[in-house]
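Chemist: Mind looking over this structure? Questions follow.
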Amino acid sequence: MTLARGTAGPVAAPEGARPRSHRRRSSLSGRGDGFLRKSGKFFTGTLLRTIAQGALFVLLAREMPIDTYGLFVGITALIAVVSPFASAGAPSLIFQSYADSPSDWPRHLARGLLLTLVFGAGATVLVTAAGVAIWGAQVSVVAVACLAFADLVAWRLVEVVAASVQARGQVFLASVIPALLHVCRLAGALALGIAAAEPMTLYGWATLSAVISAVISVLVIGFGLRGAGGFGFDIRGALGQARTGMLFAVGLSAQTVYNDLDKVMLSRLSTPESAAIYAAAYRVVDFAYTPGRSMAAVAYPKFFEAGRDGTRAAFALTRRLLPRYLMFSAPASLALVAFAWTMPYVFGAEFAAAETALQGLSALLVLKALHYLAADTLSGSRMQGRRTVCQIAVGVVNALLNVWLIPAYGWQGAVVSSLVCDALLCVLLWGCLAVALRRQPPGDAVPAAGPTSSRERA
């Protein structure tokens with residue numbers, strides 16, 4: 001089955017209505033809507049989502065026994081490592097395809113939803129089996145399966161719809177859609193905590209999270225398909241994009257490996273309590289990176305537009321964005337060091353060691369700003385393969401360092417491993433970008449790859 005063409009009407013986004021060359025100049029010059037204004041819009045929804053996630057994180061830490069919470073952290077980290085494969089890179093495929101063919105947005109969305117359903121179901125089965133193998137009788141099969149389904153199927157479907165909405169220029173709405181799911185999860189956890197007379201169990205939260213996530217994802221998909229006209233699943237086209245999408249997925253998975261594998265390994269090679277302490281500090285760092293995440297989300301589709309003219313065109317956008325990334329990340333890093341003493345007051349007395357962990361991890365804000373910017377420049381230049389290779393290499397180094405450091409030093413070893421690997425990733429990605437710039441002489445435009453091509457530029 002295929003989507004009916006020409007039934008969706010004109011593209012709603014202002015960018016889709018203007019000539020492509022005008023869109024490209026606007027994205028690079030900062031005029032039009034303005035990058036900062038769009039980032040501010042996206043920041044509103046992202047902040048809501050991050051606050052909901054953070055509040056849920058703190059609530060579960062307080063309502064669950066610390067050993068149960070440590071297991072929960074380990075399972076969710078395992079899910080995070082696998083999660084990029086759950087959608088086969090569908091959000092990135094949507095941005096890339098839309099840059100080449102804006103009027104076919106219903107087809108891009110349909111393919112993304114289909115890829116997510118297929119790969120998400122497979123990832124859920126894989127994580128459930130792996131969770132039982134790692135933790136054995138410590139966890140329930142149903143609990144692992146429900147947590148996996150909530151994040152690998154329901155959440156990824158919501159993410160695909162949000163990417164389609166953002167590609168069409170509705171930046172604020174694209175940021176609010178994912179926040180809706182996390183706000184509802186927080187409300188469910190609050191209700192469960194109030195209703196339960198005893199400490200919250202992993203099984204109780206997992207089943208409730210799965211139900212809430214399933215309901216919200218169905219509602220969001222219905223909203224996302226409005227205006228799509230004649231609708232059907234382009235099965236052949238979706239599977240044809242899977243190969244290119246897996247390049248995005250492998251790169252993102254490698255990224256989550258060095259972000260989340262340490263939490264899995266802490267819960268297994270050290271203690272659940274050590275995993276909980278490290279996860280609490282990392283969550284605060286993740287929250288502090290919200291402005292950077294908002295800017296990166298707004299800039300990401302623009303890199304694909306600029307990258308159609310070659311690496312130098314994408315790098316022109318990078319040079320303009322770099323000072324803005326550093327203007328927030330450096331002061332925010334210092335603020336985390338200054339206010340790390342509040343950790344036991346927020347998470348509870350059992351998390352006193354998280355103060356030192358947060359001070360150590362604070363430098364990640366600057367390192368993340370640097371390597372995310374270089375990585376998105378490579379992706380937009382149709383050099384996703386190089387980005388992926390760098391991320392895989394760092395993921396392997398991270399795993400080896402964790403095997404060495406975590407059994408000996410616990411969460412302190414995980415902190416050292418994270419800092420070393422993020423710094424190494426910065427060096428590798430910026431090195432790849434420098435090589436690509438040298439190979440493209442100034443003024444030379446490179447023909448764009450098609451929306452489903454995995455061909456790299458020299």
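All residue names refer to the structure tokens as shown: chains lettered A, B, ... in order, residues numbered from 1 in each chain, ligands numbered from 1 in order.
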Ala123 of chain A: which residues within 7 Å, counting only C-alpha atoms, same-chain residues fewer than 4 positions away excluded, as a PyMOL selection string?

Modeler: chain A and resi 82+86+119+127+152

Chemist: Keeping only N, CA, C and O atoms, write the selected residues as a compact mmCIF listing (two decimals), in the first residue's frame.

Modeler:
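Contents of out_31.txt, freshly written:
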```txt
# COMPACT_ATOMS: atom_id res chain seq x y z
N VAL A 82 19.40 0.56 23.83
CA VAL A 82 18.77 -0.09 22.68
C VAL A 82 17.81 0.85 21.95
O VAL A 82 17.51 0.66 20.76
N ALA A 86 14.93 1.25 18.07
CA ALA A 86 13.49 1.04 18.12
C ALA A 86 12.75 1.79 17.04
O ALA A 86 11.63 1.42 16.68
N PHE A 119 10.53 -2.21 14.39
CA PHE A 119 11.78 -2.30 15.14
C PHE A 119 11.56 -2.13 16.64
O PHE A 119 12.29 -2.70 17.45
N VAL A 127 15.22 -6.51 24.79
CA VAL A 127 15.52 -5.94 26.10
C VAL A 127 14.94 -6.81 27.22
O VAL A 127 15.57 -7.01 28.26
N LEU A 152 10.27 1.94 24.20
CA LEU A 152 10.76 1.49 22.89
C LEU A 152 9.68 1.48 21.81
O LEU A 152 10.00 1.48 20.62
```

Chemist: Do a neighbour search on Ile277 of chain A at 12 Å with only C-alpha atoms, toss out local chain neighbours closer than 6 positions, and write the hits as a PyMOL selection string.

Modeler: chain A and resi 58+61+66-67+69-70+73-74+263+266-267+270-271+283-284+343-344+347-358+410-412+414-415

Chemist: I'd like the contact shell of Val298 of chain A - 12 Å cut-off, only C-alpha atoms, skipping same-chain residues fewer than 3 positions apart - returned as a PyMOL selection string.

Modeler: chain A and resi 27+33-43+46+95+163+166-172+174-175+291-295+301-304+321+373+376

Chemist: Let's have the selection written as an mmCIF file, in the first residue's frame, with C-alpha atoms.

Modeler:
```
data_model
loop_
_atom_site.group_PDB
_atom_site.id
_atom_site.type_symbol
_atom_site.label_atom_id
_atom_site.label_comp_id
_atom_site.auth_asym_id
_atom_site.auth_seq_id
_atom_site.Cartn_x
_atom_site.Cartn_y
_atom_site.Cartn_z
ATOM 1 C CA SER A 27 18.570 29.328 8.272
ATOM 2 C CA ASP A 33 11.834 33.596 12.603
ATOM 3 C CA GLY A 34 15.319 33.803 14.094
ATOM 4 C CA PHE A 35 17.237 30.906 15.603
ATOM 5 C CA LEU A 36 17.046 32.187 19.160
ATOM 6 C CA ARG A 37 13.299 32.802 18.935
ATOM 7 C CA LYS A 38 12.724 29.293 17.634
ATOM 8 C CA SER A 39 15.024 27.914 20.321
ATOM 9 C CA GLY A 40 12.997 29.809 22.916
ATOM 10 C CA LYS A 41 9.789 28.256 21.625
ATOM 11 C CA PHE A 42 11.291 24.792 21.672
ATOM 12 C CA PHE A 43 12.815 25.429 25.088
ATOM 13 C CA THR A 46 11.576 20.879 26.380
ATOM 14 C CA PHE A 95 14.182 15.600 8.670
ATOM 15 C CA ALA A 163 9.727 15.065 14.296
ATOM 16 C CA GLN A 166 8.874 20.027 13.654
ATOM 17 C CA ALA A 167 9.941 19.390 10.054
ATOM 18 C CA ARG A 168 6.852 21.316 8.943
ATOM 19 C CA GLY A 169 7.913 24.323 11.001
ATOM 20 C CA GLN A 170 5.644 23.950 14.059
ATOM 21 C CA VAL A 171 8.496 24.186 16.518
ATOM 22 C CA PHE A 172 6.558 24.918 19.700
ATOM 23 C CA ALA A 174 6.838 19.708 18.325
ATOM 24 C CA SER A 175 8.347 20.402 21.752
ATOM 25 C CA PRO A 291 18.807 24.897 26.808
ATOM 26 C CA GLY A 292 21.484 23.191 24.722
ATOM 27 C CA ARG A 293 19.126 20.393 23.801
ATOM 28 C CA SER A 294 16.536 22.933 22.683
ATOM 29 C CA MET A 295 19.022 24.775 20.473
ATOM 30 C CA PRO A 301 16.876 20.100 10.506
ATOM 31 C CA LYS A 302 18.716 23.245 9.378
ATOM 32 C CA PHE A 303 21.963 21.288 9.093
ATOM 33 C CA PHE A 304 20.327 19.009 6.506
ATOM 34 C CA LEU A 321 26.031 28.518 16.703
ATOM 35 C CA LEU A 373 27.465 20.484 17.402
ATOM 36 C CA ASP A 376 25.098 17.352 13.779
#
```

Chemist: Work out how far atom CA of Tyr372 of chain A is from atom CA of Val435 of chain A, in Å to one decimal.

Modeler: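 For atom CA of Val435 of chain A relative to atom CA of Tyr372 of chain A, the distance reads 17.6 Å.
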
Chemist: Enumerate, as an NGL selection string, the complete set of residues in segment 219-385 of chain A that a backbone-based DSSP assignment places in alpha helix (DSSP H).

Modeler: :A and (219-224 or 235-269 or 272-288 or 290-307 or 311-338 or 343-347 or 354-361 or 364-380 or 384-385)

Chemist: For His371 of chain A, please output as a ChimeraX atom specification all residues within 8 Å (counting only C-alpha atoms; exclusion window: fewer than 2 positions along the same chain).

Modeler: /A:367-369,373-375,422,425-426,429-430

Chemist: Could you tell me how far atom CA of Leu78 of chain A sits from atom CA of Tyr409 of chain A, in Å to one decimal place?

Modeler: 21.2 Å

Chemist: Rank A:Val176, A:Leu219, A:Gly120, A:Ala299 by their smallest atom-to-atom distance to Ala148 of chain A, using only C-alpha atoms, and report the top residue only.

Modeler: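 Looking only at the distances to Ala148 of chain A, the closest residue turns out to be A:Gly120.
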
Chemist: Pick from A:Leu225, A:Leu71, A:Val220, A:Ala145: nearest to Leu202 of chain A, with only C-alpha atoms counted?

Modeler: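 Counting only C-alpha atoms, the residue closest to Leu202 of chain A is A:Leu71.
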
Chemist: Quick one, how far is atom CA of Arg439 of chain A from atom CA of Gly310 of chain A?

Modeler: 10.7 Å

Chemist: Residues at most 12 Å from Asp286 of chain A, counting only C-alpha atoms, excluding those fewer than 2 positions away in the same chain, as number ranges by chain?

Modeler: A: 46-47, 49-51, 53-54, 57, 259-260, 279-284, 288-293, 329, 332-333, 336, 358, 361-365, 368-369

Chemist: Using only C-alpha atoms for the distances, tell me which of A:Ser164, A:Val346, A:Val215, A:Gln359 is nearest to Leu334 of chain A.

Modeler: A:Gln359

Chemist: Neighbouring residues of Thr201 of chain A were defined as those with any atom within 10 Å, considering only C-alpha atoms; residues of the same chain fewer than 2 positions away were excluded. Please report them as a PDB file with N, CA, C and O atoms, in the first residue's frame.

Modeler:
```pdb
ATOM      1  N   LEU A  60      10.261   8.814  42.181  1.00  0.00           N
ATOM      2  CA  LEU A  60      10.534   7.378  42.253  1.00  0.00           C
ATOM      3  C   LEU A  60      11.687   7.080  43.212  1.00  0.00           C
ATOM      4  O   LEU A  60      11.668   6.066  43.918  1.00  0.00           O
ATOM      5  N   GLU A  63      10.067   7.233  46.627  1.00  0.00           N
ATOM      6  CA  GLU A  63       9.007   6.266  46.901  1.00  0.00           C
ATOM      7  C   GLU A  63       9.484   4.819  46.873  1.00  0.00           C
ATOM      8  O   GLU A  63       8.867   3.947  47.473  1.00  0.00           O
ATOM      9  N   MET A  64      10.579   4.553  46.159  1.00  0.00           N
ATOM     10  CA  MET A  64      11.102   3.186  46.075  1.00  0.00           C
ATOM     11  C   MET A  64      12.256   3.002  47.057  1.00  0.00           C
ATOM     12  O   MET A  64      13.006   3.947  47.313  1.00  0.00           O
ATOM     13  N   PRO A  65      12.422   1.802  47.593  1.00  0.00           N
ATOM     14  CA  PRO A  65      13.653   1.507  48.340  1.00  0.00           C
ATOM     15  C   PRO A  65      14.855   1.709  47.415  1.00  0.00           C
ATOM     16  O   PRO A  65      14.760   1.485  46.207  1.00  0.00           O
ATOM     17  N   THR A  68      15.734  -1.158  45.064  1.00  0.00           N
ATOM     18  CA  THR A  68      14.757  -1.286  43.978  1.00  0.00           C
ATOM     19  C   THR A  68      14.950  -0.176  42.953  1.00  0.00           C
ATOM     20  O   THR A  68      14.885  -0.413  41.740  1.00  0.00           O
ATOM     21  N   TYR A  69      15.220   1.025  43.445  1.00  0.00           N
ATOM     22  CA  TYR A  69      15.433   2.142  42.542  1.00  0.00           C
ATOM     23  C   TYR A  69      16.696   1.935  41.714  1.00  0.00           C
ATOM     24  O   TYR A  69      16.742   2.283  40.525  1.00  0.00           O
ATOM     25  N   PHE A  72      15.782  -0.264  38.919  1.00  0.00           N
ATOM     26  CA  PHE A  72      15.014   0.508  37.938  1.00  0.00           C
ATOM     27  C   PHE A  72      15.946   1.339  37.056  1.00  0.00           C
ATOM     28  O   PHE A  72      15.781   1.391  35.831  1.00  0.00           O
ATOM     29  N   ALA A 143       7.575  -6.753  34.431  1.00  0.00           N
ATOM     30  CA  ALA A 143       8.032  -5.392  34.717  1.00  0.00           C
ATOM     31  C   ALA A 143       9.017  -4.909  33.655  1.00  0.00           C
ATOM     32  O   ALA A 143       8.911  -3.783  33.151  1.00  0.00           O
ATOM     33  N   GLY A 193       1.695   6.787  44.051  1.00  0.00           N
ATOM     34  CA  GLY A 193       2.347   7.010  45.335  1.00  0.00           C
ATOM     35  C   GLY A 193       1.368   7.373  46.436  1.00  0.00           C
ATOM     36  O   GLY A 193       1.518   6.950  47.589  1.00  0.00           O
ATOM     37  N   ALA A 196      -0.811   4.077  47.251  1.00  0.00           N
ATOM     38  CA  ALA A 196      -0.117   2.931  47.844  1.00  0.00           C
ATOM     39  C   ALA A 196       0.235   3.210  49.307  1.00  0.00           C
ATOM     40  O   ALA A 196       0.778   4.267  49.631  1.00  0.00           O
ATOM     41  N   GLU A 198       2.274   1.197  50.921  1.00  0.00           N
ATOM     42  CA  GLU A 198       3.635   0.688  51.077  1.00  0.00           C
ATOM     43  C   GLU A 198       4.536   1.330  50.029  1.00  0.00           C
ATOM     44  O   GLU A 198       4.048   1.993  49.101  1.00  0.00           O
ATOM     45  N   PRO A 199       5.867   1.146  50.143  1.00  0.00           N
ATOM     46  CA  PRO A 199       6.774   1.686  49.132  1.00  0.00           C
ATOM     47  C   PRO A 199       6.408   1.195  47.727  1.00  0.00           C
ATOM     48  O   PRO A 199       5.933   0.079  47.547  1.00  0.00           O
ATOM     49  N   TYR A 203       7.204  -3.441  39.753  1.00  0.00           N
ATOM     50  CA  TYR A 203       6.125  -4.021  38.948  1.00  0.00           C
ATOM     51  C   TYR A 203       4.952  -3.048  38.834  1.00  0.00           C
ATOM     52  O   TYR A 203       4.402  -2.842  37.738  1.00  0.00           O
ATOM     53  N   GLY A 204       4.572  -2.419  39.937  1.00  0.00           N
ATOM     54  CA  GLY A 204       3.435  -1.507  39.923  1.00  0.00           C
ATOM     55  C   GLY A 204       3.675  -0.310  39.025  1.00  0.00           C
ATOM     56  O   GLY A 204       2.804   0.069  38.236  1.00  0.00           O
ATOM     57  N   TRP A 205       4.870   0.284  39.119  1.00  0.00           N
ATOM     58  CA  TRP A 205       5.150   1.441  38.285  1.00  0.00           C
ATOM     59  C   TRP A 205       5.283   1.051  36.809  1.00  0.00           C
ATOM     60  O   TRP A 205       4.812   1.757  35.933  1.00  0.00           O
ATOM     61  N   ALA A 206       5.904  -0.089  36.534  1.00  0.00           N
ATOM     62  CA  ALA A 206       6.120  -0.504  35.145  1.00  0.00           C
ATOM     63  C   ALA A 206       4.799  -0.723  34.408  1.00  0.00           C
ATOM     64  O   ALA A 206       4.624  -0.269  33.272  1.00  0.00           O
TER      65      ALA A 206
END
```
